[in-house]
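Trainee: Before anything else, here's the structure in question.
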Amino acid sequence: MGDERPDARPDVLLTGLLFYDLVLTGLGKPPTPGEEIWTDGMGTSPGGIANLAVAAARYGLKTSLATVFGDDYYGAHCREVLAGQEHIDLSLSRTADGWHTPVTVSIAYGHDRALVTHGQEPPYSQDALMGDPPAARTALVHIEAEPREWLAKAAANGTKIFADVGWDPTQQWSSALLDQLALCHAFVPNDTEAMAYTRTDTAADALSKLSELVPVAVVTRGGDGAIAVDQTTGEYADVPALATEVLDATGAGDVFGASFVAASLEGWPLEERLRFAVLAAGLSVRRHGGALAAPGWYGVHEWWQSVRNAKNPENRENTELRRAYGFLADRMPADPGPPVPHAPVTPPAPHGIPDLP
């Protein structure tokens, strides 16, 4: 008989900078100097690398996160949410004495947002946190101009690397960054980043160039959906975005990436992987914050039931959605789990603080 022991490796390995996010929504326009605007929409949540970690964990994936928490209220709250509420393994993480957890205020309006962050570089680097990284089924990685040593080690121990990239503030868009794709299984940039790094004029041309550098290339296009090529199977997919009201776009790209990984771990066809990721990202923008807006299986199941049981089933949009997402009926777990917690307006008071008389 073969070895039937369960795979003890983490499903997803992550490292990066954690933030405490405070998100304001419902503004008709951005504030101007000297002006005060009141709004009735607000949410608080762990952010940054927590967006990816929570999105993955809400699919039931064993998620291991290496990050740094400040020794302050924000750090303690984020640790409690991630470990206590979302069941993320923080054994590779550290709490830094005398260092403040970075705080970001996000002011969302329309389909965009402005961010203001207070923080300093953490006292532990990604390489210090990871050391010799544990073998994992996948790692979700944000690649930067300076390569991280742990990334090559993870690739060498059999971990499949799914990478994304961020905006280059220097706007040099050095193509040398793409050399790191030799370590990666998949690369998931947005169209602006993809075209800038490949020196191309269209998302399709960027995808074509990236597909020569990495087995699975994906280019997200915001309201135009996403396109992808999987060289390991010869598949190409082009799927539209989900039509939805946008409350807060924070972390939508992270939800997309984590959802694409979850579907990839199940071995779904490329079009299903891409549709699933587009759907999850579309559901996330209906909620405040990045991390706690992730829908997980519960949110996907709730949406699918609403489409299947729509009062106007002959409506063209519902008909098209049922056809496009019919695969979910066979893909979703029998038990999607309990409702997922969303971002509270303010976090609960820490234990041990007495009530005022």
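Following the order of the structure tokens, chains are lettered A, B, ..., residues in each are numbered from 1, and ligands are numbered from 1.
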Region 203-235 of chain A near region 147-164 of chain A within 12 Å: what's each residue's closest atom pair and its distance in Å to one decimal, counting only C-alpha atoms, ordered by chain then ascending residue number, as CSV?

Mentor:
residue,atom,partner,partner_atom,distance
A:Val214,CA,A:Phe162,CA,10.1
A:Pro215,CA,A:Phe162,CA,10.4
A:Val216,CA,A:Phe162,CA,9.0
A:Ala217,CA,A:Phe162,CA,9.8
A:Val218,CA,A:Asp164,CA,9.6
A:Val219,CA,A:Asp164,CA,10.0
A:Thr220,CA,A:Asp164,CA,10.7

Trainee: List as CSV every residue of region 223-309 of chain A that is in contact with region 22-46 of chain A, defined as an atom at most 10 Å from one of its atoms (using only C-alpha atoms), together with the nearest atom pair and the distance in Å rounded to one decimal, sorted by chain and then rising number.

Mentor:
residue,atom,partner,partner_atom,distance
A:Leu247,CA,A:Thr25,CA,6.8
A:Asp248,CA,A:Thr25,CA,6.9
A:Thr250,CA,A:Val23,CA,8.7
A:Arg287,CA,A:Gly43,CA,8.7
A:His288,CA,A:Gly43,CA,5.4
A:Gly289,CA,A:Val23,CA,6.0
A:Gly290,CA,A:Ser45,CA,7.3
A:Ala291,CA,A:Pro46,CA,6.2
A:Leu292,CA,A:Ser45,CA,6.3
A:Ala293,CA,A:Ser45,CA,9.0

Trainee: Using all heavy atoms, can you export the residues from the last selection as a PDB file, in the first residue's frame?

Mentor:
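See selection.pdb below for the written result:
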ATOM      1  N   LEU A 247     -17.900  49.292  -2.536  1.00  0.00           N
ATOM      2  CA  LEU A 247     -17.841  50.062  -1.303  1.00  0.00           C
ATOM      3  C   LEU A 247     -16.400  50.430  -0.980  1.00  0.00           C
ATOM      4  O   LEU A 247     -16.088  51.571  -0.671  1.00  0.00           O
ATOM      5  CB  LEU A 247     -18.445  49.251  -0.147  1.00  0.00           C
ATOM      6  CG  LEU A 247     -18.351  49.899   1.240  1.00  0.00           C
ATOM      7  CD1 LEU A 247     -19.238  51.141   1.302  1.00  0.00           C
ATOM      8  CD2 LEU A 247     -18.744  48.903   2.325  1.00  0.00           C
ATOM      9  N   ASP A 248     -15.502  49.445  -1.070  1.00  0.00           N
ATOM     10  CA  ASP A 248     -14.102  49.660  -0.719  1.00  0.00           C
ATOM     11  C   ASP A 248     -13.257  48.635  -1.474  1.00  0.00           C
ATOM     12  O   ASP A 248     -13.409  47.432  -1.270  1.00  0.00           O
ATOM     13  CB  ASP A 248     -13.907  49.515   0.787  1.00  0.00           C
ATOM     14  CG  ASP A 248     -12.448  49.605   1.203  1.00  0.00           C
ATOM     15  OD1 ASP A 248     -11.657  50.203   0.459  1.00  0.00           O
ATOM     16  OD2 ASP A 248     -12.100  49.075   2.269  1.00  0.00           O
ATOM     17  N   THR A 250     -10.087  48.121  -1.210  1.00  0.00           N
ATOM     18  CA  THR A 250      -8.886  47.704  -0.487  1.00  0.00           C
ATOM     19  C   THR A 250      -8.752  46.188  -0.467  1.00  0.00           C
ATOM     20  O   THR A 250      -9.674  45.482  -0.073  1.00  0.00           O
ATOM     21  CB  THR A 250      -8.915  48.225   0.966  1.00  0.00           C
ATOM     22  OG1 THR A 250      -9.061  49.638   0.961  1.00  0.00           O
ATOM     23  CG2 THR A 250      -7.638  47.843   1.701  1.00  0.00           C
ATOM     24  N   ARG A 287     -17.537  45.069   0.927  1.00  0.00           N
ATOM     25  CA  ARG A 287     -17.349  45.181   2.374  1.00  0.00           C
ATOM     26  C   ARG A 287     -16.200  46.132   2.693  1.00  0.00           C
ATOM     27  O   ARG A 287     -15.337  46.390   1.872  1.00  0.00           O
ATOM     28  CB  ARG A 287     -17.034  43.805   2.978  1.00  0.00           C
ATOM     29  CG  ARG A 287     -18.102  42.745   2.726  1.00  0.00           C
ATOM     30  CD  ARG A 287     -19.267  42.921   3.671  1.00  0.00           C
ATOM     31  NE  ARG A 287     -20.265  41.859   3.507  1.00  0.00           N
ATOM     32  CZ  ARG A 287     -21.348  41.753   4.271  1.00  0.00           C
ATOM     33  NH1 ARG A 287     -21.573  42.628   5.244  1.00  0.00           N
ATOM     34  NH2 ARG A 287     -22.216  40.776   4.059  1.00  0.00           N
ATOM     35  N   HIS A 288     -16.178  46.614   3.940  1.00  0.00           N
ATOM     36  CA  HIS A 288     -15.077  47.455   4.393  1.00  0.00           C
ATOM     37  C   HIS A 288     -13.805  46.635   4.556  1.00  0.00           C
ATOM     38  O   HIS A 288     -13.840  45.471   4.950  1.00  0.00           O
ATOM     39  CB  HIS A 288     -15.399  48.094   5.756  1.00  0.00           C
ATOM     40  CG  HIS A 288     -16.421  49.175   5.703  1.00  0.00           C
ATOM     41  ND1 HIS A 288     -17.728  48.959   6.033  1.00  0.00           N
ATOM     42  CD2 HIS A 288     -16.321  50.476   5.344  1.00  0.00           C
ATOM     43  CE1 HIS A 288     -18.402  50.101   5.908  1.00  0.00           C
ATOM     44  NE2 HIS A 288     -17.576  51.022   5.485  1.00  0.00           N
ATOM     45  N   GLY A 289     -12.675  47.296   4.311  1.00  0.00           N
ATOM     46  CA  GLY A 289     -11.388  46.723   4.659  1.00  0.00           C
ATOM     47  C   GLY A 289     -10.929  45.673   3.670  1.00  0.00           C
ATOM     48  O   GLY A 289     -11.653  45.264   2.759  1.00  0.00           O
ATOM     49  N   GLY A 290      -9.675  45.221   3.841  1.00  0.00           N
ATOM     50  CA  GLY A 290      -9.124  44.205   2.970  1.00  0.00           C
ATOM     51  C   GLY A 290      -9.287  42.812   3.532  1.00  0.00           C
ATOM     52  O   GLY A 290     -10.015  41.983   2.990  1.00  0.00           O
ATOM     53  N   ALA A 291      -8.629  42.553   4.675  1.00  0.00           N
ATOM     54  CA  ALA A 291      -8.594  41.196   5.217  1.00  0.00           C
ATOM     55  C   ALA A 291      -9.988  40.669   5.537  1.00  0.00           C
ATOM     56  O   ALA A 291     -10.382  39.586   5.089  1.00  0.00           O
ATOM     57  CB  ALA A 291      -7.710  41.158   6.464  1.00  0.00           C
ATOM     58  N   LEU A 292     -10.765  41.419   6.297  1.00  0.00           N
ATOM     59  CA  LEU A 292     -12.045  40.910   6.786  1.00  0.00           C
ATOM     60  C   LEU A 292     -13.174  41.063   5.775  1.00  0.00           C
ATOM     61  O   LEU A 292     -14.317  40.699   6.056  1.00  0.00           O
ATOM     62  CB  LEU A 292     -12.405  41.582   8.111  1.00  0.00           C
ATOM     63  CG  LEU A 292     -11.383  41.341   9.237  1.00  0.00           C
ATOM     64  CD1 LEU A 292     -11.854  41.965  10.544  1.00  0.00           C
ATOM     65  CD2 LEU A 292     -11.121  39.851   9.422  1.00  0.00           C
ATOM     66  N   ALA A 293     -12.833  41.566   4.568  1.00  0.00           N
ATOM     67  CA  ALA A 293     -13.817  41.589   3.486  1.00  0.00           C
ATOM     68  C   ALA A 293     -13.752  40.305   2.658  1.00  0.00           C
ATOM     69  O   ALA A 293     -14.630  40.073   1.822  1.00  0.00           O
ATOM     70  CB  ALA A 293     -13.573  42.793   2.575  1.00  0.00           C
TER      71      ALA A 293
END

Trainee: Considering only C-alpha atoms, give me a table of residues in region 79-198 of chain A that are at most 9 Å from region 258-270 of chain A, with the closest atom pair and distance in Å for each, as a tab-separated table.

Mentor:
residue	atom	partner	partner_atom	distance
A:Arg137	CA	A:Leu265	CA	8.2
A:Thr138	CA	A:Val261	CA	7.9
A:Leu140	CA	A:Ala258	CA	7.7
A:Phe162	CA	A:Val261	CA	7.5

Trainee: Now that the selection is made, can you save its residues with C-alpha atoms as a PDB file, in the first residue's frame?

Mentor:
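out.pdb, freshly written:
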ATOM      1  CA  ARG A 137       2.495  23.493  -0.843  1.00  0.00           C
ATOM      2  CA  THR A 138       2.475  27.117  -2.013  1.00  0.00           C
ATOM      3  CA  LEU A 140       2.149  33.789  -1.872  1.00  0.00           C
ATOM      4  CA  PHE A 162       2.676  32.404  -6.647  1.00  0.00           C
TER       5      PHE A 162
END

Trainee: For region 56-70 of chain A, list every protein, DNA or RNA residue within 7 Å, evaluated using only C-alpha atoms, and leave out those in the same chain fewer than 5 positions away; present the list as a ChimeraX atom specification.

Mentor: /A:10-18,75,86,88-90,92-97,99-101,122,129-130,258-259,262,296-297

Trainee: Determine the nearest neighbour of Tyr197 (chain A) from the options A:Ala136, A:Ala145, A:Val229, A:Leu183, counting only C-alpha atoms.

Mentor: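 Comparing A:Ala136, A:Ala145, A:Val229, A:Leu183 against Tyr197 (chain A), the winner is A:Ala145.
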
Trainee: Would you mind listing what lies within 9 Å of Val103 (chain A) as a VMD selection string, with only C-alpha atoms counted and same-chain residues fewer than 6 positions away left out?

Mentor: chain A and resid 18 to 22 47 74 116 to 119

Trainee: Write a file of the selected residues as an mmCIF file, in the first residue's frame, keeping all heavy atoms.

Mentor:
data_model
loop_
_atom_site.group_PDB
_atom_site.id
_atom_site.type_symbol
_atom_site.label_atom_id
_atom_site.label_comp_id
_atom_site.auth_asym_id
_atom_site.auth_seq_id
_atom_site.Cartn_x
_atom_site.Cartn_y
_atom_site.Cartn_z
ATOM 1 N N LEU A 18 2.644 43.872 8.109
ATOM 2 C CA LEU A 18 1.275 43.950 8.622
ATOM 3 C C LEU A 18 0.928 45.399 8.947
ATOM 4 O O LEU A 18 1.769 46.156 9.430
ATOM 5 C CB LEU A 18 1.169 43.104 9.896
ATOM 6 C CG LEU A 18 -0.182 43.122 10.602
ATOM 7 C CD1 LEU A 18 -1.076 42.028 10.040
ATOM 8 C CD2 LEU A 18 -0.005 42.924 12.105
ATOM 9 N N PHE A 19 -0.314 45.763 8.701
ATOM 10 C CA PHE A 19 -0.825 47.096 9.039
ATOM 11 C C PHE A 19 -2.116 46.948 9.842
ATOM 12 O O PHE A 19 -2.819 45.941 9.729
ATOM 13 C CB PHE A 19 -1.145 47.908 7.779
ATOM 14 C CG PHE A 19 0.028 48.207 6.898
ATOM 15 C CD1 PHE A 19 0.503 47.246 6.018
ATOM 16 C CD2 PHE A 19 0.660 49.437 6.946
ATOM 17 C CE1 PHE A 19 1.585 47.511 5.188
ATOM 18 C CE2 PHE A 19 1.740 49.710 6.120
ATOM 19 C CZ PHE A 19 2.204 48.742 5.236
ATOM 20 N N TYR A 20 -2.414 47.962 10.622
ATOM 21 C CA TYR A 20 -3.749 48.112 11.194
ATOM 22 C C TYR A 20 -4.470 49.118 10.308
ATOM 23 O O TYR A 20 -4.030 50.269 10.162
ATOM 24 C CB TYR A 20 -3.673 48.615 12.638
ATOM 25 C CG TYR A 20 -5.029 48.874 13.267
ATOM 26 C CD1 TYR A 20 -5.715 47.856 13.911
ATOM 27 C CD2 TYR A 20 -5.612 50.136 13.221
ATOM 28 C CE1 TYR A 20 -6.957 48.084 14.489
ATOM 29 C CE2 TYR A 20 -6.846 50.376 13.796
ATOM 30 C CZ TYR A 20 -7.517 49.350 14.431
ATOM 31 O OH TYR A 20 -8.743 49.585 14.996
ATOM 32 N N ASP A 21 -5.560 48.692 9.669
ATOM 33 C CA ASP A 21 -6.284 49.538 8.721
ATOM 34 C C ASP A 21 -7.530 50.149 9.340
ATOM 35 O O ASP A 21 -8.298 49.459 10.014
ATOM 36 C CB ASP A 21 -6.719 48.718 7.501
ATOM 37 C CG ASP A 21 -5.585 48.413 6.545
ATOM 38 O OD1 ASP A 21 -4.467 48.931 6.758
ATOM 39 O OD2 ASP A 21 -5.806 47.648 5.581
ATOM 40 N N LEU A 22 -7.716 51.424 9.074
ATOM 41 C CA LEU A 22 -8.963 52.113 9.396
ATOM 42 C C LEU A 22 -9.495 52.672 8.081
ATOM 43 O O LEU A 22 -8.830 53.496 7.448
ATOM 44 C CB LEU A 22 -8.737 53.225 10.417
ATOM 45 C CG LEU A 22 -9.989 53.877 11.020
ATOM 46 C CD1 LEU A 22 -9.674 54.499 12.375
ATOM 47 C CD2 LEU A 22 -10.575 54.953 10.100
ATOM 48 N N GLY A 47 -4.444 44.654 8.033
ATOM 49 C CA GLY A 47 -4.246 44.891 6.609
ATOM 50 C C GLY A 47 -2.860 44.473 6.164
ATOM 51 O O GLY A 47 -2.129 43.796 6.883
ATOM 52 N N TYR A 74 -2.625 47.936 18.785
ATOM 53 C CA TYR A 74 -2.920 47.544 17.410
ATOM 54 C C TYR A 74 -2.325 46.171 17.099
ATOM 55 O O TYR A 74 -2.945 45.331 16.450
ATOM 56 C CB TYR A 74 -2.386 48.587 16.425
ATOM 57 C CG TYR A 74 -3.028 49.944 16.572
ATOM 58 C CD1 TYR A 74 -2.252 51.075 16.796
ATOM 59 C CD2 TYR A 74 -4.407 50.094 16.482
ATOM 60 C CE1 TYR A 74 -2.831 52.332 16.922
ATOM 61 C CE2 TYR A 74 -4.999 51.344 16.608
ATOM 62 C CZ TYR A 74 -4.209 52.457 16.830
ATOM 63 O OH TYR A 74 -4.789 53.691 16.959
ATOM 64 N N VAL A 116 -3.176 57.029 3.818
ATOM 65 C CA VAL A 116 -2.197 57.725 4.637
ATOM 66 C C VAL A 116 -1.703 56.730 5.683
ATOM 67 O O VAL A 116 -2.509 56.143 6.417
ATOM 68 C CB VAL A 116 -2.808 58.966 5.340
ATOM 69 C CG1 VAL A 116 -1.742 59.662 6.179
ATOM 70 C CG2 VAL A 116 -3.394 59.927 4.317
ATOM 71 N N THR A 117 -0.384 56.517 5.729
ATOM 72 C CA THR A 117 0.174 55.499 6.625
ATOM 73 C C THR A 117 1.208 56.095 7.557
ATOM 74 O O THR A 117 2.037 56.927 7.146
ATOM 75 C CB THR A 117 0.817 54.360 5.806
ATOM 76 O OG1 THR A 117 -0.194 53.706 5.050
ATOM 77 C CG2 THR A 117 1.489 53.339 6.712
ATOM 78 N N HIS A 118 1.159 55.675 8.817
ATOM 79 C CA HIS A 118 2.208 55.997 9.774
ATOM 80 C C HIS A 118 2.935 54.704 10.123
ATOM 81 O O HIS A 118 2.298 53.702 10.479
ATOM 82 C CB HIS A 118 1.627 56.596 11.057
ATOM 83 C CG HIS A 118 2.660 56.771 12.134
ATOM 84 N ND1 HIS A 118 2.962 55.777 13.045
ATOM 85 C CD2 HIS A 118 3.477 57.805 12.418
ATOM 86 C CE1 HIS A 118 3.920 56.197 13.852
ATOM 87 N NE2 HIS A 118 4.235 57.441 13.498
ATOM 88 N N GLY A 119 4.250 54.701 10.014
ATOM 89 C CA GLY A 119 4.989 53.498 10.378
ATOM 90 C C GLY A 119 6.440 53.586 9.996
ATOM 91 O O GLY A 119 6.872 54.498 9.279
#

Trainee: When distances are computed from only C-alpha atoms, which of A:Ile227, A:Ala50, A:Val255, A:Ala194 shows the smallest separation from Leu210 (chain A)?

Mentor: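 Residue with the minimum atom-to-atom distance to Leu210 (chain A): A:Ala194.
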
Trainee: Using only C-alpha atoms for the distances, tell me which of A:Ala243, A:Ala53, A:Ala186, A:Ala334 is nearest to Glu317 (chain A).

Mentor: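 Result for the nearest residue to Glu317 (chain A): A:Ala243.
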
Trainee: Neighbours of Asn309 (chain A) within 10 Å (only C-alpha atoms; same-chain residues fewer than 5 positions away dropped), as number ranges by chain?

Mentor: A: 303-304, 318

Trainee: Generate the output file for the selected residues, all heavy atoms, as a short mmCIF file (atom, residue, chain, number, x, y, z; two decimals), in the first residue's frame.

Mentor:
data_model
loop_
_atom_site.label_atom_id
_atom_site.label_comp_id
_atom_site.auth_asym_id
_atom_site.auth_seq_id
_atom_site.Cartn_x
_atom_site.Cartn_y
_atom_site.Cartn_z
N TRP A 303 -23.49 33.83 -2.17
CA TRP A 303 -23.71 34.47 -3.46
C TRP A 303 -24.32 33.48 -4.46
O TRP A 303 -25.27 33.83 -5.18
CB TRP A 303 -22.39 35.01 -4.01
CG TRP A 303 -22.51 35.58 -5.39
CD1 TRP A 303 -22.90 36.84 -5.72
CD2 TRP A 303 -22.27 34.90 -6.64
NE1 TRP A 303 -22.91 37.00 -7.10
CE2 TRP A 303 -22.53 35.82 -7.68
CE3 TRP A 303 -21.85 33.62 -6.96
CZ2 TRP A 303 -22.39 35.49 -9.03
CZ3 TRP A 303 -21.70 33.28 -8.30
CH2 TRP A 303 -21.97 34.20 -9.31
N TRP A 304 -23.79 32.27 -4.52
CA TRP A 304 -24.28 31.28 -5.48
C TRP A 304 -25.74 30.93 -5.21
O TRP A 304 -26.54 30.79 -6.15
CB TRP A 304 -23.40 30.05 -5.43
CG TRP A 304 -23.83 28.92 -6.32
CD1 TRP A 304 -24.12 27.64 -5.98
CD2 TRP A 304 -24.01 28.97 -7.75
NE1 TRP A 304 -24.48 26.89 -7.07
CE2 TRP A 304 -24.43 27.70 -8.18
CE3 TRP A 304 -23.88 30.00 -8.71
CZ2 TRP A 304 -24.70 27.40 -9.51
CZ3 TRP A 304 -24.17 29.70 -10.04
CH2 TRP A 304 -24.56 28.42 -10.43
N ASN A 318 -28.86 36.96 -14.52
CA ASN A 318 -28.86 35.76 -13.69
C ASN A 318 -28.63 34.49 -14.52
O ASN A 318 -27.93 33.57 -14.11
CB ASN A 318 -30.18 35.64 -12.93
CG ASN A 318 -30.27 36.63 -11.79
OD1 ASN A 318 -29.26 36.97 -11.18
ND2 ASN A 318 -31.47 37.09 -11.50
#

Trainee: I'd like the neighbourhood of Val246 (chain A) as a list in words, where a residue qualifies if any of its atoms comes within 10 Å (using only C-alpha atoms), though same-chain residues fewer than 5 positions away should be ignored.

Mentor: Ala108, Tyr109, Gly110, His111, Asp112, Gly282, Leu283, Ser284, Val285, Arg286, Arg287 and His288 of chain A

Trainee: Export, as a PDB file, in the first residue's frame, the selected residues with N, CA and C atoms.

Mentor:
ATOM      1  N   ALA A 108     -11.922  55.942   1.071  1.00  0.00           N
ATOM      2  CA  ALA A 108     -12.432  55.361  -0.176  1.00  0.00           C
ATOM      3  C   ALA A 108     -13.562  56.209  -0.731  1.00  0.00           C
ATOM      4  N   TYR A 109     -13.492  56.451  -2.027  1.00  0.00           N
ATOM      5  CA  TYR A 109     -14.595  57.141  -2.700  1.00  0.00           C
ATOM      6  C   TYR A 109     -14.593  56.685  -4.164  1.00  0.00           C
ATOM      7  N   GLY A 110     -15.790  56.474  -4.702  1.00  0.00           N
ATOM      8  CA  GLY A 110     -15.884  55.933  -6.045  1.00  0.00           C
ATOM      9  C   GLY A 110     -15.247  54.554  -6.097  1.00  0.00           C
ATOM     10  N   HIS A 111     -14.488  54.307  -7.149  1.00  0.00           N
ATOM     11  CA  HIS A 111     -13.800  53.035  -7.300  1.00  0.00           C
ATOM     12  C   HIS A 111     -12.346  53.128  -6.873  1.00  0.00           C
ATOM     13  N   ASP A 112     -11.977  54.198  -6.166  1.00  0.00           N
ATOM     14  CA  ASP A 112     -10.579  54.381  -5.781  1.00  0.00           C
ATOM     15  C   ASP A 112     -10.487  54.767  -4.319  1.00  0.00           C
ATOM     16  N   GLY A 282     -14.646  40.376  -6.550  1.00  0.00           N
ATOM     17  CA  GLY A 282     -15.846  41.195  -6.701  1.00  0.00           C
ATOM     18  C   GLY A 282     -16.702  41.212  -5.449  1.00  0.00           C
ATOM     19  N   LEU A 283     -16.780  40.088  -4.766  1.00  0.00           N
ATOM     20  CA  LEU A 283     -17.545  40.042  -3.516  1.00  0.00           C
ATOM     21  C   LEU A 283     -16.860  40.847  -2.415  1.00  0.00           C
ATOM     22  N   SER A 284     -15.528  40.876  -2.440  1.00  0.00           N
ATOM     23  CA  SER A 284     -14.798  41.540  -1.355  1.00  0.00           C
ATOM     24  C   SER A 284     -14.986  43.053  -1.369  1.00  0.00           C
ATOM     25  N   VAL A 285     -15.187  43.649  -2.540  1.00  0.00           N
ATOM     26  CA  VAL A 285     -15.284  45.113  -2.595  1.00  0.00           C
ATOM     27  C   VAL A 285     -16.624  45.621  -2.076  1.00  0.00           C
ATOM     28  N   ARG A 286     -17.526  44.709  -1.725  1.00  0.00           N
ATOM     29  CA  ARG A 286     -18.805  45.113  -1.150  1.00  0.00           C
ATOM     30  C   ARG A 286     -18.714  45.362   0.351  1.00  0.00           C
ATOM     31  N   ARG A 287     -17.537  45.069   0.927  1.00  0.00           N
ATOM     32  CA  ARG A 287     -17.349  45.181   2.374  1.00  0.00           C
ATOM     33  C   ARG A 287     -16.200  46.132   2.693  1.00  0.00           C
ATOM     34  N   HIS A 288     -16.178  46.614   3.940  1.00  0.00           N
ATOM     35  CA  HIS A 288     -15.077  47.455   4.393  1.00  0.00           C
ATOM     36  C   HIS A 288     -13.805  46.635   4.556  1.00  0.00           C
TER      37      HIS A 288
END

Trainee: Could you please determine the separation between CA of His142 (chain A) and CA of Gly337 (chain A) in Å, to one decimal place?

Mentor: 29.4 Å

Trainee: Measuring atom to atom with only C-alpha atoms, identify which of A:Leu279, A:Pro169, A:Leu82, A:Asp132 is nearest to Leu328 (chain A).

Mentor: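 Closest candidate: A:Leu279.
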
Trainee: At what distance in Å, to one decimal, does CA of Trp167 (chain A) lie from CA of Ser211 (chain A)?

Mentor: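 CA of Ser211 (chain A) sits 20.5 Å away from CA of Trp167 (chain A).
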